[in-house]
Amino acid sequence: MCRAVALAADEVSAQTWARWSNWLAARRHDRGGEAEYRFDAWDRCPKLPILRDGHLTLARWGNLRGQSRHLPRTAWTWLRTVEQGSWRHLDPLEVVIPATLAFERGVWYRVRQGIRGLLVPDERGWAVCYMICQPSSHYYYVMTRSAHMPVLIGETI
Amino acid sequence: MARRRGIGHLDADCFYVSAERVRDRFLVGKAVGVLGNQGACVIAKSYEMKAAGVRTGQPIWEARRLCPWGVYLKRDFRWYEVLSRRMLEVTRRWSAKVEYYSIDEFFFEVEWNDAETTVDDPATWAREWGRRLRDAIWEEVGVPVTVGIAPSRTLAKLLSDTAKPFGVAAAFAEAELEKVLARTAITEVSGIAGRRARRLAPWGVETCWDFVQLNRATVRRLLTCRGEALWWELRGQPVEPLQPRRPPHRAISRGGSLGAGGDDSAYLHGWLVRNLERLIEELEFHEVRAGRLTLWLGFRDGRWGQRTHVPIAPTDRFDWLLEGTAPLLEAILKAHPRGWANRMHLIAEELEPRGVVQLGLFDPPQVRARAETIADLKRRVNQRHGRFALRSGATLALGRELYHDPAHQYDICDVRGKFCF
């Protein structure tokens, strides 16, 4: 499963920075002289960047630590289950996870537009985002040795 | 006024990576690796990734260990060709004679009058000329290139190799050339590697300078006429002419890796049909017909099999060629029981121009007319709707993925007109 994503710092607006500066500052990294923020599913407090109503904000990434008793204890969901309507009872909202890079099994690869995500509320009304996945293409499997790949927007690996 | 000539070599710096950077500025300054057809090997890397110790051809599982911060990309040969042709276009504006050697390398003629240079030092003039060409490509295409200019193509290539990245080098005077030859290992010369270098070793040949000091007859005896040609070239005597047009092919092949591979005959038949469709596309483009067709199949355990089919008359017809090659596949699979095939090549030889072939006695006109109608329909549909939009149903066995992703539909060998990869 795609473990982390990175977002170039210059894609984070001043408004988003003002709201999440503490969280983001701790996750700032440098790659080739440019700053980026990394969002890791294994983070103590995992978050994902999402585009909601055209604005960039952060949402909790899945439910790996079991913060919610009602939501599935994972950070990813299958495209198939989304299409089958298995999340319908939670009134889900499909969102874009803007990312410049994604990380899987030691490999950082370029994401051109973003990744599809599913936003659902937990029992307290907090927004929780699950990354939508599908079985890996042969290329992706060879590249990362992972059997699952995120559903990228407008591109295939 | 005497006209003087030199030969230039233009080589794009880490071309695939530079091409990706043209359309994606995010990648500039980062360690970037472009992965090959299967996603397993790094086929091009940026200088930043090279500095981390990653080599071309290295598997990704080694590369990610050496350069964990590197960014890996899937290759897109269609895009690389677009930029390669733009570079070629710019170079053709600068030189009347350009050889499209490979997707990222061209040789070209440089001509000047004595009046344009100080006679003793044409290299200064050539360096300035090369700098302007390099800058024109950078400004118009966005790809950094290195240019080498010398009396022969082999020397020009050596010079451009030493001036990388984004450099220009020119040398004409003997003393200058001697310096270049003395610091370049003989194995750096394209055409002298492994076996040839071992033959030269007992003669104390380590550098290009050692090589040119050998007697001509000795070089010919050791390395045949090919080695002698390189010897002349390194001495500044051009013997390998520039070829602005590629000479006709003696053989055309299509194929390569089968991805995950397999042992299922329907799956392998699907690959045979795919490669045959690609081969016929190429035969039609070059307006030739195949007089001999060889199928080569490689297996994961290192074994391989090869069979040849000779049609009764040279042909580019799908039905005939498939009828001839399908039994070859069966025969190879029978000879290699339980073999897991992972590579396939289909090679057409004894090529004959279209229109001068004898019609077959056992080819009824109605069958021929039907085959030609189907081929024509396929060609027209694919021209209008894209490559492989209409293809044989046998390729369905390859699964949706291969045809779903446009990046799989264009390979480096589909870039026409160049001499090598």
# chains A, B, ... in the order shown; residues from 1 in each chain; ligands from 1

call {"tool": "interface_residues", "arguments": {"of": "chain B", "to": "chain A", "cutoff": "8 Å", "atoms": "only C-alpha atoms", "output": "mmCIF file with N, CA, C and O atoms, in the first residue's frame"}}
result
data_model
loop_
_atom_site.group_PDB
_atom_site.id
_atom_site.type_symbol
_atom_site.label_atom_id
_atom_site.label_comp_id
_atom_site.auth_asym_id
_atom_site.auth_seq_id
_atom_site.Cartn_x
_atom_site.Cartn_y
_atom_site.Cartn_z
ATOM 1 N N GLY B 29 16.747 19.713 -10.694
ATOM 2 C CA GLY B 29 17.583 19.774 -9.495
ATOM 3 C C GLY B 29 17.421 18.577 -8.578
ATOM 4 O O GLY B 29 18.103 18.471 -7.566
ATOM 5 N N LYS B 30 16.511 17.667 -8.928
ATOM 6 C CA LYS B 30 16.282 16.503 -8.064
ATOM 7 C C LYS B 30 16.947 15.262 -8.656
ATOM 8 O O LYS B 30 17.198 15.212 -9.861
ATOM 9 N N ALA B 31 17.198 14.290 -7.801
ATOM 10 C CA ALA B 31 17.750 13.017 -8.277
ATOM 11 C C ALA B 31 16.605 12.259 -8.949
ATOM 12 O O ALA B 31 15.624 11.913 -8.293
ATOM 13 N N ASN B 37 11.158 -0.545 -19.696
ATOM 14 C CA ASN B 37 9.869 -1.063 -20.138
ATOM 15 C C ASN B 37 9.107 -1.854 -19.080
ATOM 16 O O ASN B 37 7.893 -1.912 -19.118
ATOM 17 N N GLN B 38 9.821 -2.484 -18.162
ATOM 18 C CA GLN B 38 9.130 -3.292 -17.159
ATOM 19 C C GLN B 38 9.056 -2.610 -15.802
ATOM 20 O O GLN B 38 8.434 -3.127 -14.885
ATOM 21 N N GLY B 39 9.746 -1.487 -15.658
ATOM 22 C CA GLY B 39 9.770 -0.807 -14.355
ATOM 23 C C GLY B 39 10.827 -1.383 -13.440
ATOM 24 O O GLY B 39 10.858 -1.072 -12.254
ATOM 25 N N ALA B 40 11.710 -2.224 -13.964
ATOM 26 C CA ALA B 40 12.685 -2.896 -13.096
ATOM 27 C C ALA B 40 14.046 -2.213 -13.078
ATOM 28 O O ALA B 40 14.734 -2.257 -12.074
ATOM 29 N N ILE B 60 16.004 -1.351 -9.847
ATOM 30 C CA ILE B 60 15.459 -0.322 -8.954
ATOM 31 C C ILE B 60 15.672 -0.673 -7.476
ATOM 32 O O ILE B 60 15.883 0.209 -6.654
ATOM 33 N N ARG B 64 17.268 2.267 -5.272
ATOM 34 C CA ARG B 64 16.553 2.932 -4.162
ATOM 35 C C ARG B 64 17.370 2.854 -2.864
ATOM 36 O O ARG B 64 17.214 3.671 -1.985
ATOM 37 N N ARG B 65 18.217 1.827 -2.762
ATOM 38 C CA ARG B 65 19.092 1.718 -1.586
ATOM 39 C C ARG B 65 20.188 2.794 -1.657
ATOM 40 O O ARG B 65 20.528 3.431 -0.680
ATOM 41 N N PRO B 68 17.871 6.808 -1.768
ATOM 42 C CA PRO B 68 16.491 6.674 -1.257
ATOM 43 C C PRO B 68 15.627 7.909 -1.485
ATOM 44 O O PRO B 68 14.411 7.819 -1.447
ATOM 45 N N TRP B 69 16.252 9.056 -1.729
ATOM 46 C CA TRP B 69 15.490 10.279 -1.950
ATOM 47 C C TRP B 69 15.194 10.501 -3.440
ATOM 48 O O TRP B 69 14.564 11.469 -3.821
ATOM 49 N N GLY B 70 15.649 9.588 -4.286
ATOM 50 C CA GLY B 70 15.461 9.719 -5.734
ATOM 51 C C GLY B 70 13.997 9.596 -6.131
ATOM 52 O O GLY B 70 13.193 8.974 -5.428
ATOM 53 N N VAL B 71 13.667 10.207 -7.254
ATOM 54 C CA VAL B 71 12.295 10.131 -7.776
ATOM 55 C C VAL B 71 12.330 9.277 -9.033
ATOM 56 O O VAL B 71 13.137 9.522 -9.930
ATOM 57 N N TYR B 72 11.459 8.272 -9.113
ATOM 58 C CA TYR B 72 11.479 7.347 -10.236
ATOM 59 C C TYR B 72 10.266 7.575 -11.141
ATOM 60 O O TYR B 72 9.157 7.816 -10.652
ATOM 61 N N LEU B 73 10.527 7.491 -12.443
ATOM 62 C CA LEU B 73 9.479 7.780 -13.427
ATOM 63 C C LEU B 73 9.373 6.658 -14.436
ATOM 64 O O LEU B 73 10.364 5.991 -14.742
ATOM 65 N N LYS B 74 8.185 6.537 -14.994
ATOM 66 C CA LYS B 74 7.966 5.564 -16.072
ATOM 67 C C LYS B 74 8.381 6.204 -17.401
ATOM 68 O O LYS B 74 8.119 7.380 -17.618
ATOM 69 N N GLY B 259 7.164 -8.923 -20.211
ATOM 70 C CA GLY B 259 6.667 -8.518 -18.898
ATOM 71 C C GLY B 259 6.773 -9.684 -17.939
ATOM 72 O O GLY B 259 7.822 -10.312 -17.823
ATOM 73 N N ALA B 260 5.666 -9.999 -17.287
ATOM 74 C CA ALA B 260 5.695 -11.100 -16.333
ATOM 75 C C ALA B 260 5.995 -12.420 -17.029
ATOM 76 O O ALA B 260 6.494 -13.360 -16.421
ATOM 77 N N GLU B 401 -4.353 -4.454 -19.548
ATOM 78 C CA GLU B 401 -3.337 -3.489 -19.127
ATOM 79 C C GLU B 401 -2.432 -3.011 -20.252
ATOM 80 O O GLU B 401 -2.156 -1.826 -20.397
ATOM 81 N N ASP B 405 -2.778 1.252 -21.342
ATOM 82 C CA ASP B 405 -1.805 2.296 -21.029
ATOM 83 C C ASP B 405 -1.057 2.715 -22.301
ATOM 84 O O ASP B 405 -0.301 1.930 -22.866
#

call {"tool": "select_by_dssp", "arguments": {"residues": "stretch 20-121 of chain A", "states": "strand (DSSP E)", "output": "PyMOL selection string"}}
result
chain A and resi 28-31+34-40+47-52+55-61+76-78+93-97+101-104+107-110+115-121

call {"tool": "atom_distance", "arguments": {"atom1": "atom CA of B:Arg303", "atom2": "atom CA of B:Thr395"}}
result
24.9 Å

call {"tool": "residues_around", "arguments": {"residues": "stretch 106-113 of chain B", "least_positions_apart": "5", "cutoff": "9 Å", "atoms": "only C-alpha atoms", "output": "VMD selection string"}}
result
chain B and resid 1 to 11 88 91 to 92 94 to 101 122 126 129 149 153 156 to 157 242 to 244

call {"tool": "write_last_selection", "arguments": {"atoms": "N, CA and C atoms", "output": "CSV table (one decimal), in the first residue's frame"}}
result
chain,number,residue,atom,x,y,z
B,1,MET,N,39.2,31.1,-51.6
B,1,MET,CA,39.2,30.9,-50.1
B,1,MET,C,38.9,29.4,-49.8
B,2,ALA,N,39.8,28.8,-49.0
B,2,ALA,CA,39.7,27.3,-48.8
B,2,ALA,C,38.5,27.0,-47.9
B,3,ARG,N,37.7,26.0,-48.2
B,3,ARG,CA,36.6,25.6,-47.3
B,3,ARG,C,37.2,24.4,-46.5
B,4,ARG,N,36.9,24.5,-45.2
B,4,ARG,CA,37.4,23.5,-44.3
B,4,ARG,C,36.2,22.8,-43.6
B,5,ARG,N,36.5,21.5,-43.3
B,5,ARG,CA,35.4,20.7,-42.7
B,5,ARG,C,35.8,20.0,-41.4
B,6,GLY,N,34.8,20.0,-40.5
B,6,GLY,CA,35.0,19.2,-39.3
B,6,GLY,C,33.8,18.4,-39.1
B,7,ILE,N,33.8,17.5,-38.1
B,7,ILE,CA,32.6,16.7,-37.8
B,7,ILE,C,32.2,17.0,-36.3
B,8,GLY,N,31.0,17.2,-36.2
B,8,GLY,CA,30.5,17.5,-34.8
B,8,GLY,C,29.7,16.3,-34.3
B,9,HIS,N,29.7,16.2,-33.0
B,9,HIS,CA,28.9,15.2,-32.3
B,9,HIS,C,28.1,15.9,-31.2
B,10,LEU,N,26.8,15.7,-31.3
B,10,LEU,CA,25.9,16.4,-30.3
B,10,LEU,C,25.2,15.3,-29.5
B,11,ASP,N,25.4,15.4,-28.2
B,11,ASP,CA,24.9,14.3,-27.3
B,11,ASP,C,24.0,15.0,-26.2
B,88,LEU,N,16.7,17.6,-33.6
B,88,LEU,CA,17.2,17.3,-35.0
B,88,LEU,C,16.9,18.5,-35.9
B,91,THR,N,19.3,21.3,-35.2
B,91,THR,CA,20.6,21.0,-35.7
B,91,THR,C,20.7,21.1,-37.2
B,92,ARG,N,19.6,20.7,-37.9
B,92,ARG,CA,19.5,20.7,-39.4
B,92,ARG,C,19.6,22.2,-39.9
B,94,TRP,N,21.4,24.3,-38.6
B,94,TRP,CA,22.8,24.8,-38.4
B,94,TRP,C,23.8,24.0,-39.3
B,95,SER,N,23.4,22.8,-39.7
B,95,SER,CA,24.3,22.1,-40.6
B,95,SER,C,23.5,21.4,-41.7
B,96,ALA,N,24.1,21.4,-42.9
B,96,ALA,CA,23.4,20.8,-44.0
B,96,ALA,C,23.4,19.3,-44.0
B,97,LYS,N,24.3,18.7,-43.3
B,97,LYS,CA,24.5,17.3,-43.3
B,97,LYS,C,24.4,16.8,-41.8
B,98,VAL,N,23.3,16.2,-41.5
B,98,VAL,CA,23.2,15.7,-40.1
B,98,VAL,C,22.8,14.2,-40.1
B,99,GLU,N,23.5,13.4,-39.3
B,99,GLU,CA,23.1,12.0,-39.2
B,99,GLU,C,22.4,11.8,-37.9
B,100,TYR,N,21.2,11.2,-38.0
B,100,TYR,CA,20.4,10.9,-36.8
B,100,TYR,C,20.8,9.6,-36.3
B,101,TYR,N,21.9,9.7,-35.4
B,101,TYR,CA,22.6,8.4,-35.0
B,101,TYR,C,21.7,7.6,-34.0
B,122,PRO,N,41.4,26.9,-35.7
B,122,PRO,CA,40.0,26.7,-36.0
B,122,PRO,C,39.2,26.2,-34.8
B,126,ALA,N,35.4,26.9,-33.8
B,126,ALA,CA,34.5,25.8,-33.7
B,126,ALA,C,33.8,25.7,-32.3
B,129,TRP,N,31.1,28.3,-32.3
B,129,TRP,CA,30.0,27.8,-33.2
B,129,TRP,C,29.2,26.8,-32.4
B,149,ILE,N,33.6,18.9,-31.4
B,149,ILE,CA,33.9,19.1,-32.8
B,149,ILE,C,35.4,18.7,-33.1
B,153,ARG,N,34.6,11.7,-36.8
B,153,ARG,CA,33.4,11.5,-35.9
B,153,ARG,C,33.8,10.8,-34.6
B,156,ALA,N,35.3,13.4,-32.4
B,156,ALA,CA,34.2,14.3,-32.0
B,156,ALA,C,33.4,13.7,-30.8
B,157,LYS,N,33.2,12.4,-30.9
B,157,LYS,CA,32.4,11.7,-29.9
B,157,LYS,C,33.3,11.7,-28.6
B,242,LEU,N,29.5,10.5,-42.8
B,242,LEU,CA,28.2,10.9,-42.2
B,242,LEU,C,27.1,10.3,-43.2
B,243,GLN,N,26.1,9.8,-42.6
B,243,GLN,CA,25.0,9.3,-43.4
B,243,GLN,C,23.7,10.0,-43.1
B,244,PRO,N,23.4,11.1,-43.8
B,244,PRO,CA,22.1,11.9,-43.5
B,244,PRO,C,20.9,11.0,-43.7

call {"tool": "residues_around", "arguments": {"residues": "A:Glu11", "least_positions_apart": "3", "cutoff": "12 Å", "atoms": "only C-alpha atoms", "output": "MDAnalysis selection string"}}
result
(chainID A and resid 6:8 14:17 34:37 49:51 55:57 98:100) or (chainID B and resid 26)

call {"tool": "atom_distance", "arguments": {"atom1": "atom CA of B:Val34", "atom2": "atom CA of B:Val143"}}
result
15.7 Å

call {"tool": "residues_around", "arguments": {"residues": "stretch 120-122 of chain A", "least_positions_apart": "5", "cutoff": "9 Å", "atoms": "only C-alpha atoms", "output": "VMD selection string"}}
result
chain A and resid 67 to 71 87 90 to 94 127 to 130
